[in-house]
>>> print(open('data30.pdb').read())   # PDB, C-alpha atoms
ATOM      1  CA  MET A   1     -15.619  26.125  -4.172
ATOM      2  CA  GLY A   2     -13.429  28.655  -6.007
ATOM      3  CA  ALA A   3      -9.858  29.470  -5.082
ATOM      4  CA  VAL A   4     -10.706  33.126  -4.490
ATOM      5  CA  LYS A   5     -13.508  32.211  -2.147
ATOM      6  CA  THR A   6     -11.458  29.699  -0.122
ATOM      7  CA  ALA A   7      -8.561  32.139   0.192
ATOM      8  CA  ALA A   8     -10.838  34.549   2.044
ATOM      9  CA  LEU A   9     -11.999  32.005   4.599
ATOM     10  CA  HIS A  10     -10.630  31.437   8.096
ATOM     11  CA  ASP A  11      -8.842  28.192   8.920
ATOM     12  CA  VAL A  12     -11.738  27.003  11.077
ATOM     13  CA  GLU A  13     -14.210  27.575   8.248
ATOM     14  CA  LEU A  14     -11.933  25.797   5.793
ATOM     15  CA  ALA A  15     -11.553  22.890   8.211
ATOM     16  CA  ALA A  16     -15.331  22.653   8.569
ATOM     17  CA  LEU A  17     -15.697  22.565   4.788
ATOM     18  CA  ALA A  18     -12.941  19.966   4.550
ATOM     19  CA  ALA A  19     -14.704  17.862   7.175
ATOM     20  CA  ALA A  20     -17.724  17.887   4.867
ATOM     21  CA  GLY A  21     -15.506  16.512   2.067
ATOM     22  CA  ASP A  22     -14.459  19.752   0.352
ATOM     23  CA  ARG A  23     -10.985  18.897  -0.907
ATOM     24  CA  ALA A  24     -10.450  22.325  -2.441
ATOM     25  CA  ALA A  25     -10.934  23.922   0.972
ATOM     26  CA  TYR A  26      -8.422  21.516   2.445
ATOM     27  CA  GLY A  27      -6.052  22.346  -0.406
ATOM     28  CA  GLU A  28      -6.112  25.956   0.770
ATOM     29  CA  LEU A  29      -5.143  24.799   4.269
ATOM     30  CA  VAL A  30      -2.277  22.805   2.782
ATOM     31  CA  ARG A  31      -1.172  25.891   0.837
ATOM     32  CA  ARG A  32      -1.260  28.027   3.980
ATOM     33  CA  HIS A  33       0.386  25.649   6.430
ATOM     34  CA  GLY A  34       2.549  23.471   4.203
ATOM     35  CA  PRO A  35       5.696  25.531   4.861
ATOM     36  CA  ALA A  36       5.199  25.405   8.635
ATOM     37  CA  VAL A  37       4.779  21.636   8.623
ATOM     38  CA  ARG A  38       7.659  20.996   6.248
ATOM     39  CA  GLY A  39       9.822  23.394   8.223
ATOM     40  CA  LEU A  40       9.041  21.706  11.525
ATOM     41  CA  VAL A  41       9.916  18.236  10.268
ATOM     42  CA  ARG A  42      13.178  19.530   8.843
ATOM     43  CA  ARG A  43      13.935  21.219  12.146
ATOM     44  CA  MET A  44      13.324  17.905  13.868
ATOM     45  CA  GLY A  45      16.194  16.526  11.820
ATOM     46  CA  ALA A  46      14.681  15.109   8.634
ATOM     47  CA  ASP A  47      16.282  15.731   5.269
ATOM     48  CA  SER A  48      14.242  17.699   2.756
ATOM     49  CA  SER A  49      12.900  14.670   0.896
ATOM     50  CA  ALA A  50      11.870  12.791   4.042
ATOM     51  CA  ALA A  51      10.402  15.977   5.499
ATOM     52  CA  ASP A  52       8.219  16.476   2.430
ATOM     53  CA  ASP A  53       7.064  12.845   2.563
ATOM     54  CA  VAL A  54       6.142  13.142   6.238
ATOM     55  CA  ALA A  55       4.445  16.500   5.687
ATOM     56  CA  GLN A  56       2.449  15.036   2.816
ATOM     57  CA  ASP A  57       1.399  12.030   4.897
ATOM     58  CA  ALA A  58       0.512  14.353   7.778
ATOM     59  CA  PHE A  59      -1.796  16.405   5.570
ATOM     60  CA  ILE A  60      -3.438  13.265   4.173
ATOM     61  CA  LEU A  61      -3.952  11.955   7.710
ATOM     62  CA  GLY A  62      -5.141  15.411   8.733
ATOM     63  CA  PHE A  63      -7.823  15.324   6.054
ATOM     64  CA  GLU A  64      -9.101  12.017   7.404
ATOM     65  CA  GLN A  65      -9.185  13.413  10.943
ATOM     66  CA  VAL A  66     -10.146  16.999  10.188
ATOM     67  CA  ALA A  67     -13.613  16.488  11.665
ATOM     68  CA  GLU A  68     -11.867  16.172  15.038
ATOM     69  CA  PHE A  69     -10.416  19.681  14.688
ATOM     70  CA  ARG A  70     -12.872  21.901  16.533
ATOM     71  CA  GLY A  71     -10.930  25.126  16.281
ATOM     72  CA  GLU A  72     -10.015  25.343  19.975
ATOM     73  CA  GLY A  73      -6.397  25.939  18.958
ATOM     74  CA  ALA A  74      -4.729  26.995  15.731
ATOM     75  CA  PHE A  75      -4.947  24.660  12.770
ATOM     76  CA  ALA A  76      -1.193  25.064  12.264
ATOM     77  CA  GLY A  77      -0.536  23.702  15.750
ATOM     78  CA  TRP A  78      -2.943  20.811  15.228
ATOM     79  CA  ILE A  79      -1.425  19.696  11.935
ATOM     80  CA  LYS A  80       2.125  20.190  13.186
ATOM     81  CA  ARG A  81       1.432  17.860  16.106
ATOM     82  CA  ILE A  82       0.233  15.237  13.659
ATOM     83  CA  ALA A  83       3.369  15.696  11.555
ATOM     84  CA  ALA A  84       5.683  15.548  14.588
ATOM     85  CA  ARG A  85       4.152  12.309  15.824
ATOM     86  CA  LEU A  86       4.214  10.864  12.324
ATOM     87  CA  TYR A  87       7.891  11.696  11.943
ATOM     88  CA  LEU A  88       8.717  10.048  15.278
ATOM     89  CA  ARG A  89       6.710   6.970  14.307
ATOM     90  CA  ARG A  90       8.551   6.766  11.008
ATOM     91  CA  MET A  91      11.906   7.088  12.734
ATOM     92  CA  LYS A  92      10.996   4.324  15.170
ATOM     93  CA  LYS A  93       9.796   2.135  12.329
ATOM     94  CA  ASP A  94      13.000   2.682  10.393
ATOM     95  CA  ALA A  95      14.999   2.140  13.607
ATOM     96  CA  ARG A  96      16.599   5.545  13.131
ATOM     97  CA  LEU A  97      15.479   6.971  16.441
ATOM     98  CA  PHE A  98      18.636   6.868  18.503
ATOM     99  CA  LEU A  99      17.990   8.987  21.544
ATOM    100  CA  THR A 100      21.566   9.597  22.499
ATOM    101  CA  ASP A 101      23.394  12.756  23.434
ATOM    102  CA  GLN A 102      25.690  12.364  20.460
ATOM    103  CA  THR A 103      26.722  15.754  19.166
ATOM    104  CA  PRO A 104      26.518  16.617  15.487
ATOM    105  CA  ASP A 105      29.356  15.956  13.045
ATOM    106  CA  GLU A 106      32.486  18.008  13.193
ATOM    107  CA  GLU A 107      31.703  19.651   9.879
ATOM    108  CA  ASP A 108      28.389  20.823  11.232
ATOM    109  CA  HIS A 109      30.154  22.255  14.284
ATOM    110  CA  SER A 110      32.628  24.156  12.191
ATOM    111  CA  ALA A 111      29.771  25.954  10.527
ATOM    112  CA  LEU A 112      28.455  26.979  13.908
ATOM    113  CA  ASP A 113      31.636  28.034  15.618
ATOM    114  CA  GLU A 114      30.941  31.696  15.104
ATOM    115  CA  PRO A 115      28.061  32.822  17.300
ATOM    116  CA  ARG A 116      25.391  34.738  15.448
ATOM    117  CA  THR A 117      24.104  38.126  16.445
ATOM    118  CA  ALA A 118      20.457  38.781  17.185
ATOM    119  CA  SER A 119      20.015  40.455  13.830
ATOM    120  CA  ARG A 120      21.203  37.319  12.031
ATOM    121  CA  MET A 121      19.150  34.814  13.907
ATOM    122  CA  ASP A 122      18.996  31.589  12.047
ATOM    123  CA  LEU A 123      17.109  29.004  13.953
ATOM    124  CA  ASP A 124      17.719  26.264  11.419
ATOM    125  CA  THR A 125      21.471  26.709  11.607
ATOM    126  CA  ALA A 126      21.466  27.026  15.382
ATOM    127  CA  LEU A 127      19.480  23.796  15.763
ATOM    128  CA  LYS A 128      22.353  21.933  14.124
ATOM    129  CA  ALA A 129      24.452  22.572  17.232
ATOM    130  CA  LEU A 130      22.086  20.433  19.293
ATOM    131  CA  SER A 131      22.343  16.680  19.691
ATOM    132  CA  GLY A 132      19.650  14.659  17.938
ATOM    133  CA  VAL A 133      17.576  14.118  21.038
ATOM    134  CA  GLU A 134      17.913  17.737  22.189
ATOM    135  CA  ARG A 135      16.834  18.888  18.779
ATOM    136  CA  LEU A 136      13.836  16.564  18.819
ATOM    137  CA  CYS A 137      12.787  17.620  22.310
ATOM    138  CA  VAL A 138      13.111  21.343  21.606
ATOM    139  CA  SER A 139      11.401  21.055  18.220
ATOM    140  CA  LEU A 140       8.545  19.004  19.642
ATOM    141  CA  CYS A 141       7.946  21.415  22.524
ATOM    142  CA  TYR A 142       8.472  24.716  20.723
ATOM    143  CA  GLY A 143       7.645  23.821  17.125
ATOM    144  CA  GLY A 144       5.217  20.976  17.554
ATOM    145  CA  ASP A 145       3.249  22.592  20.410
ATOM    146  CA  LEU A 146       3.663  19.500  22.563
ATOM    147  CA  SER A 147       3.922  19.821  26.329
ATOM    148  CA  HIS A 148       6.917  18.243  28.042
ATOM    149  CA  SER A 149       4.687  15.348  29.120
ATOM    150  CA  GLU A 150       3.377  14.820  25.610
ATOM    151  CA  ALA A 151       6.901  14.932  24.199
ATOM    152  CA  ALA A 152       8.032  12.410  26.826
ATOM    153  CA  GLU A 153       5.174  10.125  25.856
ATOM    154  CA  ALA A 154       5.837  10.535  22.132
ATOM    155  CA  LEU A 155       9.549   9.843  22.591
ATOM    156  CA  ASN A 156       8.980   7.132  25.177
ATOM    157  CA  LEU A 157      11.360   8.880  27.565
ATOM    158  CA  PRO A 158      10.977   9.817  31.240
ATOM    159  CA  LEU A 159       9.587  13.307  31.767
ATOM    160  CA  GLY A 160      12.679  14.419  33.683
ATOM    161  CA  THR A 161      14.931  13.324  30.832
ATOM    162  CA  VAL A 162      12.914  15.325  28.311
ATOM    163  CA  LYS A 163      13.045  18.388  30.553
ATOM    164  CA  SER A 164      16.830  18.022  30.830
ATOM    165  CA  HIS A 165      17.211  17.714  27.051
ATOM    166  CA  VAL A 166      15.004  20.744  26.497
ATOM    167  CA  LYS A 167      16.991  22.769  29.019
ATOM    168  CA  ARG A 168      20.343  21.804  27.510
ATOM    169  CA  GLY A 169      19.011  22.480  24.028
ATOM    170  CA  LEU A 170      17.691  25.873  25.062
ATOM    171  CA  ASP A 171      21.012  26.787  26.620
ATOM    172  CA  LYS A 172      22.785  25.968  23.368
ATOM    173  CA  LEU A 173      20.235  27.853  21.299
ATOM    174  CA  ARG A 174      20.395  30.811  23.638
ATOM    175  CA  ALA A 175      24.139  30.909  23.201
ATOM    176  CA  ARG A 176      23.720  30.882  19.431
ATOM    177  CA  LEU A 177      20.681  33.026  18.925
ATOM    178  CA  ALA A 178      21.008  35.541  21.759
ATOM    179  CA  PRO A 179      24.647  35.435  22.838
ATOM    180  CA  GLU A 180      24.397  38.150  25.433
ATOM    181  CA  ALA A 181      21.319  36.680  27.045
ATOM    182  CA  GLY A 182      22.895  33.237  26.808
ATOM    183  CA  LEU A 183      26.021  34.325  28.621
ATOM    184  CA  GLY A 184      23.855  35.868  31.303
ATOM    185  CA  ALA A 185      21.861  32.707  31.735
ATOM    186  CA  THR A 186      25.013  30.596  31.832
ATOM    187  CA  ARG A 187      26.537  32.795  34.481
ATOM    188  CA  LEU A 188      23.408  32.626  36.528
ATOM    189  CA  GLY A 189      23.289  28.880  36.103
ATOM    190  CA  HIS A 190      26.826  28.388  37.338
ATOM    191  CA  VAL A 191      26.791  30.756  40.292
TER     192      VAL A 191
ATOM    193  CA  MET B   1      14.970  36.675  30.731
ATOM    194  CA  SER B   2      14.187  33.026  30.251
ATOM    195  CA  ASP B   3      10.558  33.863  29.479
ATOM    196  CA  ASP B   4      11.696  36.416  26.909
ATOM    197  CA  PHE B   5      13.889  33.869  25.216
ATOM    198  CA  ASP B   6      11.111  31.266  25.329
ATOM    199  CA  ALA B   7       8.728  33.666  23.649
ATOM    200  CA  GLN B   8      11.386  34.644  21.128
ATOM    201  CA  LEU B   9      12.087  30.994  20.359
ATOM    202  CA  GLY B  10       8.377  30.279  20.029
ATOM    203  CA  ARG B  11       8.086  33.112  17.527
ATOM    204  CA  LEU B  12      11.084  31.805  15.587
ATOM    205  CA  PHE B  13       9.589  28.334  15.400
ATOM    206  CA  ASN B  14       6.303  29.837  14.210
ATOM    207  CA  GLN B  15       8.077  31.668  11.393
ATOM    208  CA  ALA B  16       7.769  29.119   8.647
ATOM    209  CA  PRO B  17      10.624  29.071   6.167
ATOM    210  CA  ALA B  18       9.754  30.095   2.621
ATOM    211  CA  PHE B  19       9.392  27.237   0.176
ATOM    212  CA  PRO B  20       9.422  28.244  -3.486
ATOM    213  CA  ASP B  21       7.715  24.962  -4.374
ATOM    214  CA  ASN B  22       4.856  25.438  -1.927
ATOM    215  CA  GLU B  23       2.244  25.482  -4.705
ATOM    216  CA  ALA B  24       3.658  22.285  -6.175
ATOM    217  CA  PHE B  25       3.638  20.657  -2.736
ATOM    218  CA  ALA B  26       0.001  21.655  -2.190
ATOM    219  CA  ALA B  27      -0.859  20.362  -5.662
ATOM    220  CA  ARG B  28       0.789  17.011  -4.859
ATOM    221  CA  VAL B  29      -1.205  16.680  -1.638
ATOM    222  CA  THR B  30      -4.517  17.572  -3.284
ATOM    223  CA  ALA B  31      -3.776  15.223  -6.196
ATOM    224  CA  ARG B  32      -3.142  12.433  -3.690
ATOM    225  CA  LEU B  33      -6.345  13.314  -1.869
ATOM    226  CA  ASP B  34      -8.258  13.180  -5.162
ATOM    227  CA  ARG B  35      -6.653   9.845  -6.041
ATOM    228  CA  ASP B  36      -7.434   8.390  -2.619
ATOM    229  CA  TRP B  37     -10.966   9.729  -2.867
ATOM    230  CA  THR B  38     -11.456   8.169  -6.300
ATOM    231  CA  MET B  39     -10.068   4.858  -5.046
ATOM    232  CA  ARG B  40     -12.363   5.009  -2.058
ATOM    233  CA  ARG B  41     -15.360   5.685  -4.280
ATOM    234  CA  ILE B  42     -14.418   2.757  -6.522
ATOM    235  CA  MET B  43     -14.017   0.504  -3.483
ATOM    236  CA  ILE B  44     -17.369   1.662  -2.104
ATOM    237  CA  GLY B  45     -18.941   1.096  -5.538
ATOM    238  CA  VAL B  46     -17.458  -2.391  -5.882
ATOM    239  CA  GLY B  47     -18.464  -3.225  -2.314
ATOM    240  CA  GLY B  48     -21.985  -1.951  -2.920
ATOM    241  CA  LEU B  49     -22.270  -3.914  -6.161
ATOM    242  CA  ALA B  50     -21.042  -7.092  -4.475
ATOM    243  CA  ALA B  51     -23.446  -6.590  -1.583
ATOM    244  CA  GLY B  52     -26.278  -5.907  -4.040
ATOM    245  CA  MET B  53     -25.492  -9.075  -5.954
ATOM    246  CA  VAL B  54     -25.468 -11.123  -2.751
ATOM    247  CA  VAL B  55     -28.809  -9.642  -1.702
ATOM    248  CA  ALA B  56     -30.279 -10.219  -5.181
ATOM    249  CA  TRP B  57     -29.008 -13.781  -5.176
ATOM    250  CA  GLN B  58     -30.464 -14.416  -1.739
ATOM    251  CA  PHE B  59     -33.764 -12.911  -2.851
ATOM    252  CA  VAL B  60     -33.956 -14.985  -6.058
ATOM    253  CA  ALA B  61     -32.858 -18.156  -4.290
ATOM    254  CA  GLY B  62     -35.384 -17.529  -1.519
ATOM    255  CA  ARG B  63     -38.182 -16.923  -4.011
ATOM    256  CA  PHE B  64     -37.194 -20.040  -5.965
ATOM    257  CA  ASN B  65     -37.315 -22.179  -2.834
ATOM    258  CA  VAL B  66     -40.711 -20.764  -1.934
ATOM    259  CA  GLU B  67     -41.996 -21.399  -5.472
ATOM    260  CA  VAL B  68     -40.710 -24.969  -5.445
ATOM    261  CA  ALA B  69     -42.259 -25.544  -2.050
ATOM    262  CA  THR B  70     -45.558 -24.063  -3.250
ATOM    263  CA  VAL B  71     -45.554 -26.084  -6.470
ATOM    264  CA  SER B  72     -44.648 -29.205  -4.535
ATOM    265  CA  SER B  73     -47.364 -28.537  -2.002
ATOM    266  CA  ASP B  74     -49.948 -27.828  -4.743
ATOM    267  CA  ALA B  75     -48.953 -30.942  -6.672
ATOM    268  CA  GLN B  76     -49.148 -33.080  -3.580
ATOM    269  CA  SER B  77     -52.591 -31.780  -2.693
ATOM    270  CA  MET B  78     -53.744 -32.310  -6.322
ATOM    271  CA  ILE B  79     -52.452 -35.888  -6.316
ATOM    272  CA  ASP B  80     -54.019 -36.505  -2.920
ATOM    273  CA  SER B  81     -57.369 -35.149  -4.027
ATOM    274  CA  GLY B  82     -57.154 -37.076  -7.347
ATOM    275  CA  VAL B  83     -56.379 -40.312  -5.559
ATOM    276  CA  GLY B  84     -59.140 -39.595  -3.105
ATOM    277  CA  ARG B  85     -61.656 -38.966  -5.899
ATOM    278  CA  MET B  86     -60.524 -42.127  -7.726
ATOM    279  CA  MET B  87     -60.912 -44.186  -4.582
ATOM    280  CA  ILE B  88     -64.371 -42.749  -4.103
ATOM    281  CA  SER B  89     -65.224 -43.608  -7.750
ATOM    282  CA  LEU B  90     -63.878 -47.114  -7.305
ATOM    283  CA  ASP B  91     -65.901 -47.481  -4.153
ATOM    284  CA  ARG B  92     -69.003 -46.296  -6.063
ATOM    285  CA  LEU B  93     -68.257 -48.733  -8.927
ATOM    286  CA  SER B  94     -67.914 -51.560  -6.517
ATOM    287  CA  THR B  95     -71.272 -50.643  -5.001
ATOM    288  CA  LEU B  96     -73.038 -50.956  -8.450
ATOM    289  CA  PRO B  97     -75.005 -54.212  -9.034
ATOM    290  CA  ALA B  98     -72.450 -55.486 -11.581
ATOM    291  CA  GLY B  99     -69.734 -53.102 -10.563
ATOM    292  CA  GLY B 100     -66.906 -55.576  -9.883
ATOM    293  CA  GLU B 101     -67.398 -57.570 -13.020
ATOM    294  CA  THR B 102     -67.706 -54.449 -15.222
ATOM    295  CA  LEU B 103     -64.464 -53.134 -13.828
ATOM    296  CA  TRP B 104     -62.589 -56.340 -14.457
ATOM    297  CA  LEU B 105     -64.098 -56.610 -17.946
ATOM    298  CA  ALA B 106     -62.992 -53.082 -18.829
ATOM    299  CA  ALA B 107     -59.520 -53.831 -17.553
ATOM    300  CA  ALA B 108     -59.319 -56.995 -19.583
ATOM    301  CA  LEU B 109     -60.448 -55.180 -22.701
ATOM    302  CA  GLY B 110     -57.845 -52.520 -22.105
ATOM    303  CA  VAL B 111     -55.074 -55.116 -21.736
ATOM    304  CA  ALA B 112     -56.260 -56.875 -24.914
ATOM    305  CA  ALA B 113     -56.256 -53.606 -26.852
ATOM    306  CA  LEU B 114     -52.771 -52.823 -25.572
ATOM    307  CA  ALA B 115     -51.525 -56.283 -26.546
ATOM    308  CA  PHE B 116     -53.029 -55.912 -30.019
ATOM    309  CA  GLY B 117     -51.386 -52.535 -30.436
ATOM    310  CA  VAL B 118     -47.978 -53.837 -29.302
ATOM    311  CA  THR B 119     -48.250 -56.847 -31.656
ATOM    312  CA  ARG B 120     -49.065 -54.595 -34.618
ATOM    313  CA  ALA B 121     -46.203 -52.317 -33.749
ATOM    314  CA  VAL B 122     -43.737 -55.225 -33.544
ATOM    315  CA  GLU B 123     -44.990 -56.587 -36.878
ATOM    316  CA  SER B 124     -44.570 -53.270 -38.617
ATOM    317  CA  PHE B 125     -40.795 -53.217 -37.827
TER     318      PHE B 125
END
>>> encode(input="data30.pdb", output="structure tokens")
Amino acid sequence: MGAVKTAALHDVELAALAAAGDRAAYGELVRRHGPAVRGLVRRMGADSSAADDVAQDAFILGFEQVAEFRGEGAFAGWIKRIAARLYLRRMKKDARLFLTDQTPDEEDHSALDEPRTASRMDLDTALKALSGVERLCVSLCYGGDLSHSEAAEALNLPLGTVKSHVKRGLDKLRARLAPEAGLGATRLGHV
Amino acid sequence: MSDDFDAQLGRLFNQAPAFPDNEAFAARVTARLDRDWTMRRIMIGVGGLAAGMVVAWQFVAGRFNVEVATVSSDAQSMIDSGVGRMMISLDRLSTLPAGGETLWLAAALGVAALAFGVTRAVESF
């Protein structure tokens, strides 16, 4: 199928073609959603090289499982879930998944000392203020479309712990991304 | 307020960063898919060929066994019938008036002819 023709098709149609073995159609899906998948894995904490490897593996795995995608949700969400789980599996395999509340390096903090205004929202920079586990939990739930329960299962953590990490992560992000709203929430939380 | 921020954060996460090498990334994935697909086709081809050879071998070996069994069975029945006919002939000979003597005389002549032939052959060396 030609590039012009595939570019005009909806994700669900492309996925159906891919399920029938059309690799060109799947290539169009990769072109469309590659940045989202690569971005998510980077936001989860991977460096650019590792993120690209995981994203690539996720798309390959996605092609093998694309027949299972029925179009109930967005294809982007479906493939991002695959990538998120794959990244966690790789971290566990490499014994790099330390689910501690350790805060980022001092040099990372120094870059984040100045709160950003709403007009200069930079999610990627703000995420660096979170601890590794907070970052993973927030990224999985907001970027990877996983529910708290699914994130808890994927991370092998109790549900309550994941909820706490998400809450703490959100508070930090709120303070960075929407300072006024963040202050309000903090005040409310401490009253 | 929390819901607003949640929605805002969701939107931010859904905004994929721009990657200048997106085309190259997509090309790498499709190239890997093509390579995997080619490998899979080769594996399927090799597997099919191996399976075909096993089936062909089984078929030939099966046919060979059947042929041998048939030939063996045919030969045995031929020998049996030949022996049976010979026994019947011998029985008939023995029922002739001078049957027994004729048979022994023919045998003796045969042995004498064989002995003569062997003697001549030994002499010629």
>>> resolve_selection(input="data30.pdb", expression="the PyMOL selection byres ((chain A) within 9 of (chain B))", output="PyMOL selection string")
chain A and resi 23-24+26-40+43+52+56-57+59-60+63+121-123+139+142-144+170+173-174+177-178+181+184-185
>>> atom_distance(input="data30.pdb", atom1="CA of Val138 (chain A)", atom2="CA of Ala152 (chain A)")
11.5 Å
>>> resolve_selection(input="data30.pdb", expression="the PyMOL selection byres ((chain A and resi 165) around 8)", output="NGL selection string")
:A and (133-134 or 137-138 or 161-164 or 166-169)
>>> write_last_selection(input="data30.pdb", atoms="C-alpha atoms", output="PDB file, in the coordinates of the input")
ATOM      1  CA  VAL A 133      17.576  14.118  21.038  1.00  0.00           C
ATOM      2  CA  GLU A 134      17.913  17.737  22.189  1.00  0.00           C
ATOM      3  CA  CYS A 137      12.787  17.620  22.310  1.00  0.00           C
ATOM      4  CA  VAL A 138      13.111  21.343  21.606  1.00  0.00           C
ATOM      5  CA  THR A 161      14.931  13.324  30.832  1.00  0.00           C
ATOM      6  CA  VAL A 162      12.914  15.325  28.311  1.00  0.00           C
ATOM      7  CA  LYS A 163      13.045  18.388  30.553  1.00  0.00           C
ATOM      8  CA  SER A 164      16.830  18.022  30.830  1.00  0.00           C
ATOM      9  CA  VAL A 166      15.004  20.744  26.497  1.00  0.00           C
ATOM     10  CA  LYS A 167      16.991  22.769  29.019  1.00  0.00           C
ATOM     11  CA  ARG A 168      20.343  21.804  27.510  1.00  0.00           C
ATOM     12  CA  GLY A 169      19.011  22.480  24.028  1.00  0.00           C
TER      13      GLY A 169
END
>>> atom_distance(input="data30.pdb", atom1="CA of Asp11 (chain A)", atom2="CA of Ala25 (chain A)")
9.3 Å
>>> atom_distance(input="data30.pdb", atom1="CA of Ala129 (chain A)", atom2="CA of Gly45 (chain A)")
11.6 Å
>>> resolve_selection(input="data30.pdb", expression="the PyMOL selection byres ((chain A and resi 13) around 12)", output="MDAnalysis selection string")
chainID A and resid 5:12 14:20 22 25:26 28:29 66:67 69:71 75
>>> axis_aligned_box(input="data30.pdb", around="region 49-60 of chain B", padding_each_side="6 Å", output="AutoDock Vina command-line options")
--center_x -27.5 --center_y -9.4 --center_z -3.9 --size_x 24.9 --size_y 23.1 --size_z 16.6
>>> closest_residue(input="data30.pdb", among="A:Arg176, A:Gly73, A:Asp47, A:Ala84", to="Leu136 (chain A)", atoms="all atoms listed in the file")
A:Ala84
>>> closest_residue(input="data30.pdb", among="A:Arg85, A:Leu61, A:Gly132, A:Ala51", to="Glu150 (chain A)", atoms="all atoms listed in the file")
A:Arg85
>>> decode(input="data30.pdb", residues="region 103-108 of chain B", atoms="all heavy atoms", output="compact mmCIF listing (two decimals), in the first residue's frame")
# COMPACT_ATOMS: atom_id res chain seq x y z
N LEU B 103 13.10 -93.04 -12.56
CA LEU B 103 13.57 -91.85 -11.82
C LEU B 103 15.01 -92.02 -11.34
O LEU B 103 15.85 -91.16 -11.52
CB LEU B 103 12.63 -91.62 -10.63
CG LEU B 103 12.85 -90.34 -9.84
CD1 LEU B 103 12.53 -89.12 -10.72
CD2 LEU B 103 11.97 -90.31 -8.60
N TRP B 104 15.27 -93.18 -10.78
CA TRP B 104 16.62 -93.44 -10.27
C TRP B 104 17.61 -93.51 -11.41
O TRP B 104 18.74 -93.03 -11.29
CB TRP B 104 16.65 -94.75 -9.47
CG TRP B 104 16.03 -94.59 -8.10
CD1 TRP B 104 14.92 -95.17 -7.64
CD2 TRP B 104 16.55 -93.77 -7.06
NE1 TRP B 104 14.64 -94.77 -6.35
CE2 TRP B 104 15.65 -93.88 -5.97
CE3 TRP B 104 17.66 -92.91 -6.93
CZ2 TRP B 104 15.82 -93.20 -4.78
CZ3 TRP B 104 17.82 -92.26 -5.73
CH2 TRP B 104 16.90 -92.38 -4.67
N LEU B 105 17.18 -94.07 -12.56
CA LEU B 105 18.06 -94.18 -13.72
C LEU B 105 18.42 -92.80 -14.26
O LEU B 105 19.58 -92.51 -14.56
CB LEU B 105 17.37 -95.02 -14.81
CG LEU B 105 18.18 -95.27 -16.09
CD1 LEU B 105 19.44 -96.08 -15.77
CD2 LEU B 105 17.35 -95.99 -17.13
N ALA B 106 17.41 -91.93 -14.31
CA ALA B 106 17.65 -90.56 -14.81
C ALA B 106 18.60 -89.84 -13.88
O ALA B 106 19.51 -89.12 -14.32
CB ALA B 106 16.32 -89.82 -14.90
N ALA B 107 18.41 -90.05 -12.59
CA ALA B 107 19.29 -89.40 -11.62
C ALA B 107 20.73 -89.90 -11.76
O ALA B 107 21.69 -89.12 -11.74
CB ALA B 107 18.78 -89.66 -10.21
N ALA B 108 20.86 -91.17 -11.96
CA ALA B 108 22.20 -91.74 -12.11
C ALA B 108 22.87 -91.23 -13.35
O ALA B 108 24.07 -90.89 -13.34
CB ALA B 108 22.09 -93.27 -12.15
